[in-house]
file target-v9.tsv (TSV, C-alpha atoms and all ligand atoms)
chain	number	residue	atom	x	y	z
N	79	MET	CA	91.38	115.25	103.91
N	80	PHE	CA	93.41	115.40	107.09
N	81	GLY	CA	96.16	117.58	108.45
N	82	ALA	CA	99.29	116.04	109.98
N	83	ILE	CA	101.92	117.62	112.22
N	84	GLU	CA	105.15	115.89	113.13
N	85	ALA	CA	106.32	118.28	115.83
N	86	GLY	CA	110.05	117.96	116.46
N	87	GLY	CA	112.46	120.01	118.53
N	88	THR	CA	114.23	121.35	115.43
N	89	LYS	CA	111.56	121.18	112.73
N	90	PHE	CA	107.85	120.67	112.20
N	91	VAL	CA	106.74	118.55	109.25
N	92	LEU	CA	103.27	119.58	108.12
N	93	GLY	CA	101.22	117.41	105.81
N	94	ILE	CA	97.86	117.32	104.08
N	95	GLY	CA	96.33	114.19	102.61
N	96	SER	CA	94.42	111.07	103.43
N	97	ASN	CA	96.98	108.32	102.76
N	98	PRO	CA	100.66	107.80	101.83
N	99	GLY	CA	99.84	108.18	98.14
N	100	ASN	CA	98.45	111.70	98.30
N	101	LEU	CA	100.25	113.23	101.30
N	102	THR	CA	101.99	116.51	100.53
N	103	THR	CA	104.35	117.93	103.13
N	104	ILE	CA	106.36	121.01	103.97
N	105	GLN	CA	108.93	121.60	106.71
N	106	ILE	CA	109.22	124.63	108.93
N	107	PRO	CA	111.84	125.32	111.61
N	108	THR	CA	110.79	125.06	115.25
N	109	THR	CA	111.20	128.58	116.60
N	110	THR	CA	108.90	130.01	119.27
N	111	PRO	CA	105.56	128.31	119.96
N	112	GLY	CA	103.68	131.46	118.89
N	113	SER	CA	105.20	131.74	115.43
N	114	THR	CA	105.61	128.01	114.73
N	115	ILE	CA	101.99	127.24	115.62
N	116	ALA	CA	100.78	130.29	113.64
N	117	GLU	CA	102.73	129.10	110.61
N	118	ALA	CA	101.22	125.61	110.90
N	119	VAL	CA	97.70	127.02	111.23
N	120	ALA	CA	98.24	129.25	108.18
N	121	PHE	CA	99.45	126.26	106.16
N	122	PHE	CA	96.24	124.34	106.85
N	123	ARG	CA	93.97	127.39	106.44
N	124	ASN	CA	95.51	128.36	103.12
N	125	SER	CA	95.11	124.89	101.70
N	126	SER	CA	92.52	124.43	98.97
N	127	GLU	CA	91.52	121.20	100.71
N	128	GLU	CA	88.95	121.07	103.45
N	129	ILE	CA	90.70	119.62	106.51
N	130	GLU	CA	88.38	117.48	108.61
N	131	ALA	CA	90.75	116.67	111.47
N	132	VAL	CA	94.39	117.17	112.45
N	133	GLY	CA	96.79	114.68	114.01
N	134	ILE	CA	99.90	115.70	115.96
N	135	GLY	CA	102.84	113.50	116.91
N	136	SER	CA	104.92	115.63	119.23
N	137	PHE	CA	108.29	115.80	120.94
N	138	GLY	CA	107.85	115.69	124.67
N	139	PRO	CA	107.31	115.24	127.41
N	140	VAL	CA	103.60	115.64	126.68
N	141	ASP	CA	100.45	115.22	128.75
N	142	LEU	CA	98.25	112.49	127.26
N	143	ARG	CA	95.98	111.86	130.23
N	144	PRO	CA	92.38	112.33	129.17
N	145	GLY	CA	90.65	114.82	131.45
N	146	SER	CA	93.89	116.38	132.66
N	147	PRO	CA	93.79	120.21	132.66
N	148	THR	CA	97.02	120.16	130.68
N	149	TYR	CA	96.00	117.41	128.22
N	150	GLY	CA	97.64	118.06	124.85
N	151	PHE	CA	100.38	120.23	126.36
N	152	ILE	CA	104.11	119.91	125.91
N	153	THR	CA	104.95	119.97	129.61
N	154	SER	CA	108.47	120.17	131.04
N	155	THR	CA	110.71	120.25	127.99
N	156	PRO	CA	114.12	121.88	128.29
N	157	LYS	CA	113.47	123.41	124.86
N	158	GLU	CA	113.42	127.17	125.33
N	159	GLY	CA	109.90	128.67	125.28
N	160	TRP	CA	108.01	125.39	124.80
N	161	ASN	CA	107.52	124.59	128.47
N	162	ASN	CA	103.79	124.31	129.27
N	163	CYS	CA	102.73	124.87	125.67
N	164	ASP	CA	99.15	123.95	124.77
N	165	LEU	CA	100.00	122.55	121.35
N	166	ALA	CA	96.90	120.40	120.70
N	167	GLY	CA	94.52	122.99	122.19
N	168	SER	CA	95.95	125.86	120.15
N	169	ILE	CA	95.59	123.94	116.89
N	170	ALA	CA	92.06	122.73	117.76
N	171	LYS	CA	90.95	126.24	118.67
N	172	ALA	CA	92.43	127.87	115.61
N	173	LEU	CA	91.11	125.33	113.10
N	174	GLY	CA	87.90	124.20	114.82
N	175	VAL	CA	88.38	120.52	113.96
N	176	PRO	CA	89.01	117.39	116.04
N	177	VAL	CA	92.68	116.96	116.94
N	178	GLY	CA	94.43	113.67	117.66
N	179	PHE	CA	97.51	114.04	119.83
N	180	ASP	CA	100.25	111.63	120.86
N	181	THR	CA	103.98	111.33	121.30
N	182	ASP	CA	106.19	111.37	118.21
N	183	VAL	CA	107.18	107.74	118.66
N	184	ASN	CA	103.61	106.56	119.32
N	185	ALA	CA	102.55	108.35	116.15
N	186	ALA	CA	105.35	106.66	114.19
N	187	ALA	CA	104.28	103.28	115.57
N	188	LEU	CA	100.70	103.96	114.46
N	189	GLY	CA	101.85	105.12	111.01
N	190	GLU	CA	103.85	101.93	110.50
N	191	ALA	CA	100.94	99.81	111.73
N	192	ARG	CA	98.49	101.61	109.46
N	193	TRP	CA	100.49	101.77	106.22
N	194	GLY	CA	104.04	100.47	106.78
N	195	ALA	CA	105.96	97.47	108.04
N	196	GLY	CA	103.31	96.68	110.66
N	197	MET	CA	100.38	96.77	108.26
N	198	GLY	CA	97.84	94.04	108.98
N	199	LEU	CA	99.34	93.24	112.39
N	200	THR	CA	97.52	93.83	115.65
N	201	ASP	CA	100.66	94.02	117.78
N	202	CYS	CA	103.89	95.68	116.78
N	203	LEU	CA	106.62	97.80	118.19
N	204	TYR	CA	108.33	100.84	116.70
N	205	ILE	CA	111.66	101.83	118.22
N	206	THR	CA	113.68	104.89	117.33
N	207	VAL	CA	117.41	105.00	117.96
N	208	GLY	CA	118.42	108.58	117.40
N	209	THR	CA	119.08	111.54	119.69
N	210	GLY	CA	117.22	109.46	122.25
N	211	ILE	CA	115.81	105.96	122.28
N	212	GLY	CA	112.03	105.62	122.41
N	213	GLY	CA	109.41	103.06	121.63
N	214	GLY	CA	105.74	102.97	120.75
N	215	ALA	CA	103.67	99.82	121.06
N	216	ILE	CA	100.54	98.88	119.17
N	217	VAL	CA	98.66	96.37	121.32
N	218	ASN	CA	95.49	94.75	119.99
N	219	GLY	CA	95.42	97.46	117.34
N	220	LEU	CA	95.54	100.33	119.83
N	221	ILE	CA	98.39	102.56	120.93
N	222	LEU	CA	99.57	101.53	124.38
N	223	HIS	CA	99.41	104.49	126.78
N	224	GLY	CA	99.01	103.09	130.25
N	225	LEU	CA	99.45	105.66	132.99
N	226	VAL	CA	101.29	108.24	130.90
N	227	HIS	CA	103.09	106.61	127.97
N	228	PRO	CA	105.85	104.03	127.82
N	229	GLU	CA	109.47	105.17	128.12
N	230	MET	CA	111.10	102.19	126.51
N	231	GLY	CA	114.49	103.83	126.08
N	232	HIS	CA	114.99	104.22	129.82
N	233	ILE	CA	114.94	100.55	130.76
N	234	ARG	CA	117.85	99.36	132.86
N	235	ILE	CA	119.91	96.74	131.09
N	236	PRO	CA	122.94	94.73	132.22
N	237	HIS	CA	126.04	96.91	131.92
N	238	ASP	CA	129.37	95.23	132.52
N	239	ARG	CA	131.62	98.06	133.64
N	240	SER	CA	134.73	95.93	133.43
N	241	SER	CA	134.34	95.53	129.67
N	242	ASP	CA	132.52	98.83	129.08
N	243	PRO	CA	133.48	101.47	131.67
N	244	PHE	CA	131.50	104.20	129.86
N	245	PRO	CA	129.12	105.56	132.54
N	246	GLY	CA	126.31	106.50	130.14
N	247	ILE	CA	124.85	109.94	129.44
N	248	CYS	CA	121.25	109.83	130.61
N	249	PRO	CA	120.84	112.79	132.99
N	250	PHE	CA	118.37	110.76	135.06
N	251	HIS	CA	119.82	107.24	135.02
N	252	GLY	CA	123.33	107.35	133.60
N	253	ASP	CA	123.55	103.92	132.05
N	254	CYS	CA	119.96	103.14	131.06
N	255	LEU	CA	119.61	101.89	127.47
N	256	GLU	CA	119.34	105.44	126.07
N	257	GLY	CA	122.29	106.52	128.18
N	258	LEU	CA	124.42	103.73	126.70
N	259	ALA	CA	123.19	103.35	123.13
N	260	SER	CA	121.62	106.56	121.74
N	261	GLY	CA	123.41	108.45	118.96
N	262	PRO	CA	124.85	111.03	121.40
N	263	ALA	CA	125.97	108.18	123.70
N	264	MET	CA	127.93	106.65	120.82
N	265	LEU	CA	129.51	110.01	120.06
N	266	ALA	CA	130.42	110.53	123.73
N	267	ARG	CA	131.88	107.03	124.11
N	268	TRP	CA	133.95	106.87	120.92
N	269	GLY	CA	134.49	110.53	120.04
N	270	ILE	CA	133.12	109.75	116.55
N	271	SER	CA	129.51	110.15	115.45
N	272	ALA	CA	127.43	107.11	114.49
N	273	GLN	CA	127.43	108.39	110.89
N	274	GLN	CA	131.22	108.28	110.77
N	275	LEU	CA	132.03	105.23	112.86
N	276	GLN	CA	133.63	102.59	110.58
N	277	GLU	CA	131.56	99.50	109.92
N	278	ASN	CA	134.22	97.25	111.50
N	279	HIS	CA	134.60	99.40	114.64
N	280	GLU	CA	134.07	97.48	117.89
N	281	GLY	CA	131.43	100.07	118.84
N	282	TRP	CA	128.89	98.47	116.54
N	283	ARG	CA	129.09	95.08	118.25
N	284	LEU	CA	128.52	96.79	121.59
N	285	GLU	CA	125.68	98.89	120.15
N	286	ALA	CA	123.99	95.75	118.78
N	287	HIS	CA	124.46	94.02	122.13
N	288	TYR	CA	122.72	96.80	124.06
N	289	LEU	CA	119.91	97.19	121.54
N	290	ALA	CA	119.35	93.42	121.46
N	291	LEU	CA	119.10	93.41	125.26
N	292	GLY	CA	116.36	96.02	124.92
N	293	LEU	CA	114.60	94.02	122.22
N	294	VAL	CA	114.64	90.80	124.24
N	295	THR	CA	113.10	92.63	127.20
N	296	TRP	CA	110.33	94.20	125.11
N	297	VAL	CA	109.63	90.90	123.32
N	298	CYS	CA	109.33	89.05	126.62
N	299	ILE	CA	106.90	91.63	127.99
N	300	LEU	CA	104.82	92.67	124.98
N	301	SER	CA	105.19	89.75	122.55
N	302	PRO	CA	104.94	91.96	119.46
N	303	GLN	CA	104.38	90.37	116.04
N	304	ARG	CA	107.12	92.54	114.53
N	305	ILE	CA	109.69	95.12	115.64
N	306	ILE	CA	110.44	98.11	113.45
N	307	LEU	CA	113.71	99.93	114.13
N	308	GLY	CA	113.98	103.52	112.91
N	309	GLY	CA	115.88	106.69	113.80
N	310	GLY	CA	119.22	108.06	112.64
N	311	VAL	CA	121.49	105.36	114.08
N	312	MET	CA	119.46	102.63	112.33
N	313	GLN	CA	120.36	104.22	108.98
N	314	ARG	CA	123.46	102.02	109.12
N	315	PRO	CA	122.22	98.81	107.50
N	316	HIS	CA	125.03	96.61	108.84
N	317	LEU	CA	123.54	97.10	112.31
N	318	PHE	CA	120.48	94.95	111.52
N	319	PRO	CA	122.25	91.56	111.15
N	320	LEU	CA	124.41	92.36	114.18
N	321	ILE	CA	121.26	92.98	116.26
N	322	GLN	CA	119.47	89.93	114.84
N	323	ASN	CA	122.41	87.64	115.69
N	324	GLU	CA	122.76	89.06	119.17
N	325	PHE	CA	119.01	88.83	119.75
N	326	SER	CA	119.09	85.14	118.71
N	327	ALA	CA	121.92	84.40	121.10
N	328	LEU	CA	120.19	86.18	124.00
N	329	ILE	CA	116.73	84.66	123.55
N	330	ASN	CA	118.32	81.24	122.98
N	331	ARG	CA	115.32	79.70	121.15
N	332	TYR	CA	113.23	79.88	124.31
N	333	ILE	CA	110.11	81.26	122.61
N	334	LYS	CA	108.73	78.82	120.05
N	335	ALA	CA	107.75	81.07	117.18
N	336	HIS	CA	109.06	80.98	113.62
N	337	GLU	CA	109.36	84.78	113.65
N	338	LEU	CA	111.85	84.73	116.52
N	339	ASN	CA	113.99	81.99	115.02
N	340	GLU	CA	114.29	81.29	111.27
N	341	GLY	CA	112.11	84.31	110.46
N	342	LEU	CA	114.13	86.90	112.36
N	343	CYS	CA	115.05	88.87	109.20
N	344	ASP	CA	111.36	89.65	108.72
N	345	TYR	CA	110.83	90.24	112.43
N	346	ILE	CA	113.39	92.95	113.19
N	347	VAL	CA	112.99	95.29	110.24
N	348	SER	CA	113.43	98.86	108.92
N	349	PRO	CA	110.45	101.22	108.73
N	350	GLY	CA	108.24	100.50	105.72
N	351	LEU	CA	107.51	104.23	105.39
N	352	GLY	CA	111.16	105.35	105.38
N	353	ASN	CA	111.40	108.75	107.04
N	354	ARG	CA	107.64	109.37	106.77
N	355	SER	CA	106.52	107.11	109.67
N	356	GLY	CA	106.05	110.12	111.96
N	357	VAL	CA	104.09	112.39	109.65
N	358	LEU	CA	101.97	109.52	108.32
N	359	GLY	CA	101.38	108.46	111.90
N	360	ALA	CA	100.10	111.97	112.60
N	361	LEU	CA	97.77	111.52	109.62
N	362	ALA	CA	96.52	108.25	111.13
N	363	LEU	CA	95.97	110.08	114.43
N	364	ALA	CA	93.78	112.59	112.58
N	365	GLU	CA	91.83	109.74	111.03
N	366	ARG	CA	91.24	108.28	114.48
N	367	ALA	CA	90.35	111.67	115.96
N	368	LEU	CA	87.61	112.06	113.39
N	369	GLY	CA	86.26	108.65	114.31
N	370	LYS	CA	86.35	109.93	117.94
N	371	THR	CA	87.45	106.56	119.32
N	372	GLN	CA	90.57	104.62	118.56
N	373	GLN	CA	90.05	102.05	115.84
N	374	SER	CA	91.89	98.80	115.57
N	375	THR	CA	94.63	98.59	112.93
N	376	ASN	CA	93.18	95.20	112.12
N	377	PRO	CA	90.01	95.70	110.09
N	378	ASP	CA	88.84	92.16	110.94
N	379	LYS	CA	89.12	92.69	114.63
N	380	ASP	CA	86.54	94.84	116.35
N	381	ILE	CA	87.78	95.99	119.73
O	1	LIG	P1	116.08	112.75	116.29
O	1	LIG	O1	116.26	111.55	117.17
O	1	LIG	O2	116.61	113.99	116.89
O	1	LIG	O3	114.71	112.88	115.75
O	1	LIG	P2	117.66	111.28	114.39
O	1	LIG	O4	116.78	110.10	114.45
O	1	LIG	O5	118.25	111.65	113.06
O	1	LIG	O6	116.96	112.55	114.98
O	1	LIG	O7	118.83	111.00	115.40
O	1	LIG	C1	120.00	111.77	115.46
O	1	LIG	C2	121.13	110.86	115.91
O	1	LIG	O8	121.28	109.83	114.95
O	1	LIG	C3	122.47	111.55	116.01
O	1	LIG	O9	123.08	111.14	117.21
O	1	LIG	C4	123.25	111.07	114.81
O	1	LIG	O10	124.61	110.86	115.12
O	1	LIG	C5	122.59	109.77	114.45
O	1	LIG	N1	122.49	109.62	113.00
O	1	LIG	C6	121.82	110.42	112.13
O	1	LIG	N2	122.00	109.97	110.85
O	1	LIG	C7	122.77	108.86	110.94
O	1	LIG	C8	123.30	107.93	109.98
O	1	LIG	N3	123.08	108.06	108.67
O	1	LIG	N4	124.05	106.90	110.45
O	1	LIG	C9	124.29	106.76	111.77
O	1	LIG	N5	123.84	107.62	112.70
O	1	LIG	C10	123.09	108.64	112.31
O	2	ZN	ZN	117.42	107.15	131.27

call {"tool": "encode", "arguments": {"input": "target-v9.tsv", "output": "structure tokens"}}
result
Amino acid sequence: MFGAIEAGGTKFVLGIGSNPGNLTTIQIPTTTPGSTIAEAVAFFRNSSEEIEAVGIGSFGPVDLRPGSPTYGFITSTPKEGWNNCDLAGSIAKALGVPVGFDTDVNAAALGEARWGAGMGLTDCLYITVGTGIGGGAIVNGLILHGLVHPEMGHIRIPHDRSSDPFPGICPFHGDCLEGLASGPAMLARWGISAQQLQENHEGWRLEAHYLALGLVTWVCILSPQRIILGGGVMQRPHLFPLIQNEFSALINRYIKAHELNEGLCDYIVSPGLGNRSGVLGALALAERALGKTQQSTNPDKDI
């Protein structure tokens, strides 16, 4: 059995299990690192199951560089008290088991690749459109880290200020994709939250336009076999066809693949694991931590 932690800025989801069928979870509020981590440790210790490894998908920024003195830390978060917090190390020390650690969105991508809408694929993308915009990529069955980890929400996209004068809300870039199209950006632009914005409001066409620009960029660079769109804003189902149509228009049949043309409905999809992508991804991280090395999500492909 494995332990799973989806560490968010407002709540931690803790889980015990070995697959989606037997995972049991609880939620605890994110308070101070000391008490939140102690509560998580107690949950795993008090379980009747023997936990062999723990996986953590965490809010960030986090240090994922192997060998770094602050590997496994939450580093420079504005969240009170959590700056420089050794999350992975504290859990590993308290429980004495291998710990797999990654960003929340990388964990969600892995969860979807392992058991959800990306199952059986070697290359897929998970994007969350919520408080922020973030993306995790599975490439050849492995989570893409690169130098640090991708920051897909902060790409610069065309922004026509004559038709959309909204300056964007990213504190670093203003009108990067996250600055223009995250949930809080929608609220700031229209004065109405994405939950409450009417389906026929012009804001949705603009939202789909910006998200499709992001998708086209990621598709051209990473060539994923499927894109999974999660997060609060994507709870509005009417957004999917708007994005698919806009994506089609932007890519203009340039890439010759069924998935990107007639098959688009099965290419840009909702998470297969609903709201459990993150915690199940943490479970998959535990599974990989026990195996010490990353395994491919494709059982036929040995990397
Ligand atoms: P987080 O990104 O903090 O993990 P969410 O993915 O729920 O959490 O994102 C929160 C954002 O998503 C908010 O800006 C909110 O307005 C928006 N949101 C949440 N639920 C919905 C919904 N059902 N429909 C549209 N927007 C939503
Ligand atoms: Zn930005």

call {"tool": "closest_residue", "arguments": {"input": "target-v9.tsv", "among": "N:Ile346, N:Met264, N:Leu220, N:Ile211", "to": "Ala185 in chain N", "atoms": "all atoms listed in the file"}}
result
N:Leu220

call {"tool": "closest_residue", "arguments": {"input": "target-v9.tsv", "among": "N:Phe250, N:Tyr288, N:Trp282, N:Phe80", "to": "ligand ZN 2 (chain O)", "atoms": "all atoms listed in the file"}}
result
N:Phe250

call {"tool": "closest_residue", "arguments": {"input": "target-v9.tsv", "among": "N:Leu351, N:Ile235, N:Ala266, N:Ala362", "to": "ligand ZN 2 (chain O)", "atoms": "all atoms listed in the file"}}
result
N:Ile235

call {"tool": "closest_residue", "arguments": {"input": "target-v9.tsv", "among": "N:Gly269, N:Gly210, N:Gly292, N:Gly178", "to": "Glu256 in chain N", "atoms": "only C-alpha atoms"}}
result
N:Gly210

call {"tool": "closest_residue", "arguments": {"input": "target-v9.tsv", "among": "N:Cys298, N:Ala290, N:Leu284, N:Ala364", "to": "Phe244 in chain N", "atoms": "all atoms listed in the file"}}
result
N:Leu284

call {"tool": "atom_distance", "arguments": {"input": "target-v9.tsv", "atom1": "CA of Leu101 in chain N", "atom2": "atom O9 of ligand LIG 1 (chain O)"}}
result
27.9 Å

call {"tool": "closest_residue", "arguments": {"input": "target-v9.tsv", "among": "N:Thr102, N:Pro144, N:Glu158, N:Val132", "to": "Gly224 in chain N", "atoms": "all atoms listed in the file"}}
result
N:Pro144

call {"tool": "residues_around", "arguments": {"input": "target-v9.tsv", "residues": "range 151-156 of chain N", "least_positions_apart": "4", "cutoff": "9 Å", "atoms": "all atoms listed in the file", "output": "MDAnalysis selection string"}}
result
chainID N and resid 136:142 160:167

call {"tool": "residues_near_ligand", "arguments": {"input": "target-v9.tsv", "ligand": "ligand LIG 1 (chain O)", "cutoff": "6 Å", "atoms": "only C-alpha atoms and all ligand atoms", "output": "compact mmCIF listing (two decimals) with C-alpha atoms, in the frame of the given file"}}
result
# COMPACT_ATOMS: atom_id res chain seq x y z
CA GLY N 208 118.42 108.58 117.40
CA THR N 209 119.08 111.54 119.69
CA GLY N 210 117.22 109.46 122.25
CA GLY N 261 123.41 108.45 118.96
CA PRO N 262 124.85 111.03 121.40
CA SER N 271 129.51 110.15 115.45
CA ALA N 272 127.43 107.11 114.49
CA GLN N 273 127.43 108.39 110.89
CA GLY N 309 115.88 106.69 113.80
CA GLY N 310 119.22 108.06 112.64
CA VAL N 311 121.49 105.36 114.08
CA GLN N 313 120.36 104.22 108.98
CA ARG N 314 123.46 102.02 109.12

call {"tool": "residues_around", "arguments": {"input": "target-v9.tsv", "residues": "Phe179 in chain N", "least_positions_apart": "5", "cutoff": "7 Å", "atoms": "only C-alpha atoms", "output": "ChimeraX atom specification"}}
result
/N:133-135,150,166,363

call {"tool": "residues_near_ligand", "arguments": {"input": "target-v9.tsv", "ligand": "ligand ZN 2 (chain O)", "cutoff": "7 Å", "atoms": "all atoms listed in the file", "output": "compact mmCIF listing (two decimals) with C-alpha atoms, in the frame of the given file"}}
result
# COMPACT_ATOMS: atom_id res chain seq x y z
CA GLY N 231 114.49 103.83 126.08
CA HIS N 232 114.99 104.22 129.82
CA CYS N 248 121.25 109.83 130.61
CA PRO N 249 120.84 112.79 132.99
CA PHE N 250 118.37 110.76 135.06
CA HIS N 251 119.82 107.24 135.02
CA GLY N 252 123.33 107.35 133.60
CA ASP N 253 123.55 103.92 132.05
CA CYS N 254 119.96 103.14 131.06
CA LEU N 255 119.61 101.89 127.47
CA GLU N 256 119.34 105.44 126.07
CA GLY N 257 122.29 106.52 128.18

call {"tool": "atom_distance", "arguments": {"input": "target-v9.tsv", "atom1": "CA of Phe90 in chain N", "atom2": "CA of Thr108 in chain N"}}
result
6.1 Å

call {"tool": "residues_around", "arguments": {"input": "target-v9.tsv", "residues": "Ile329 in chain N", "least_positions_apart": "4", "cutoff": "10 Å", "atoms": "all atoms listed in the file", "output": "ChimeraX atom specification"}}
result
/N:290-291,293-295,297-298,324-325,333,338-339

call {"tool": "atom_distance", "arguments": {"input": "target-v9.tsv", "atom1": "CA of Ala191 in chain N", "atom2": "CA of Arg234 in chain N"}}
result
27.1 Å

call {"tool": "residues_around", "arguments": {"input": "target-v9.tsv", "residues": "Asn353 in chain N", "least_positions_apart": "5", "cutoff": "12 Å", "atoms": "all atoms listed in the file", "output": "list in words"}}
result
Glu84, Val91, Pro98, Ala186, Gly189, Glu190, Gly194, Thr206, Leu307, Gly308, Gly309, Gly310, Met312, Gln313, Ser348, Leu358 and Gly359 of chain N

call {"tool": "decode", "arguments": {"input": "target-v9.tsv", "residues": "range 274-288 of chain N", "atoms": "C-alpha atoms", "output": "PDB file, in the first residue's frame"}}
result
ATOM      1  CA  GLN N 274     -21.375  32.610 -12.757  1.00  0.00           C
ATOM      2  CA  LEU N 275     -20.529  33.899 -16.220  1.00  0.00           C
ATOM      3  CA  GLN N 276     -23.466  33.095 -18.557  1.00  0.00           C
ATOM      4  CA  GLU N 277     -22.802  30.488 -21.207  1.00  0.00           C
ATOM      5  CA  ASN N 278     -23.502  32.989 -24.010  1.00  0.00           C
ATOM      6  CA  HIS N 279     -21.244  35.711 -22.537  1.00  0.00           C
ATOM      7  CA  GLU N 280     -18.577  36.959 -24.959  1.00  0.00           C
ATOM      8  CA  GLY N 281     -15.963  36.142 -22.295  1.00  0.00           C
ATOM      9  CA  TRP N 282     -16.139  32.454 -23.129  1.00  0.00           C
ATOM     10  CA  ARG N 283     -15.200  32.968 -26.774  1.00  0.00           C
ATOM     11  CA  LEU N 284     -12.196  35.009 -25.662  1.00  0.00           C
ATOM     12  CA  GLU N 285     -11.292  32.425 -23.019  1.00  0.00           C
ATOM     13  CA  ALA N 286     -11.422  29.635 -25.619  1.00  0.00           C
ATOM     14  CA  HIS N 287      -9.321  31.736 -27.989  1.00  0.00           C
ATOM     15  CA  TYR N 288      -6.538  32.240 -25.430  1.00  0.00           C
TER      16      TYR N 288
END
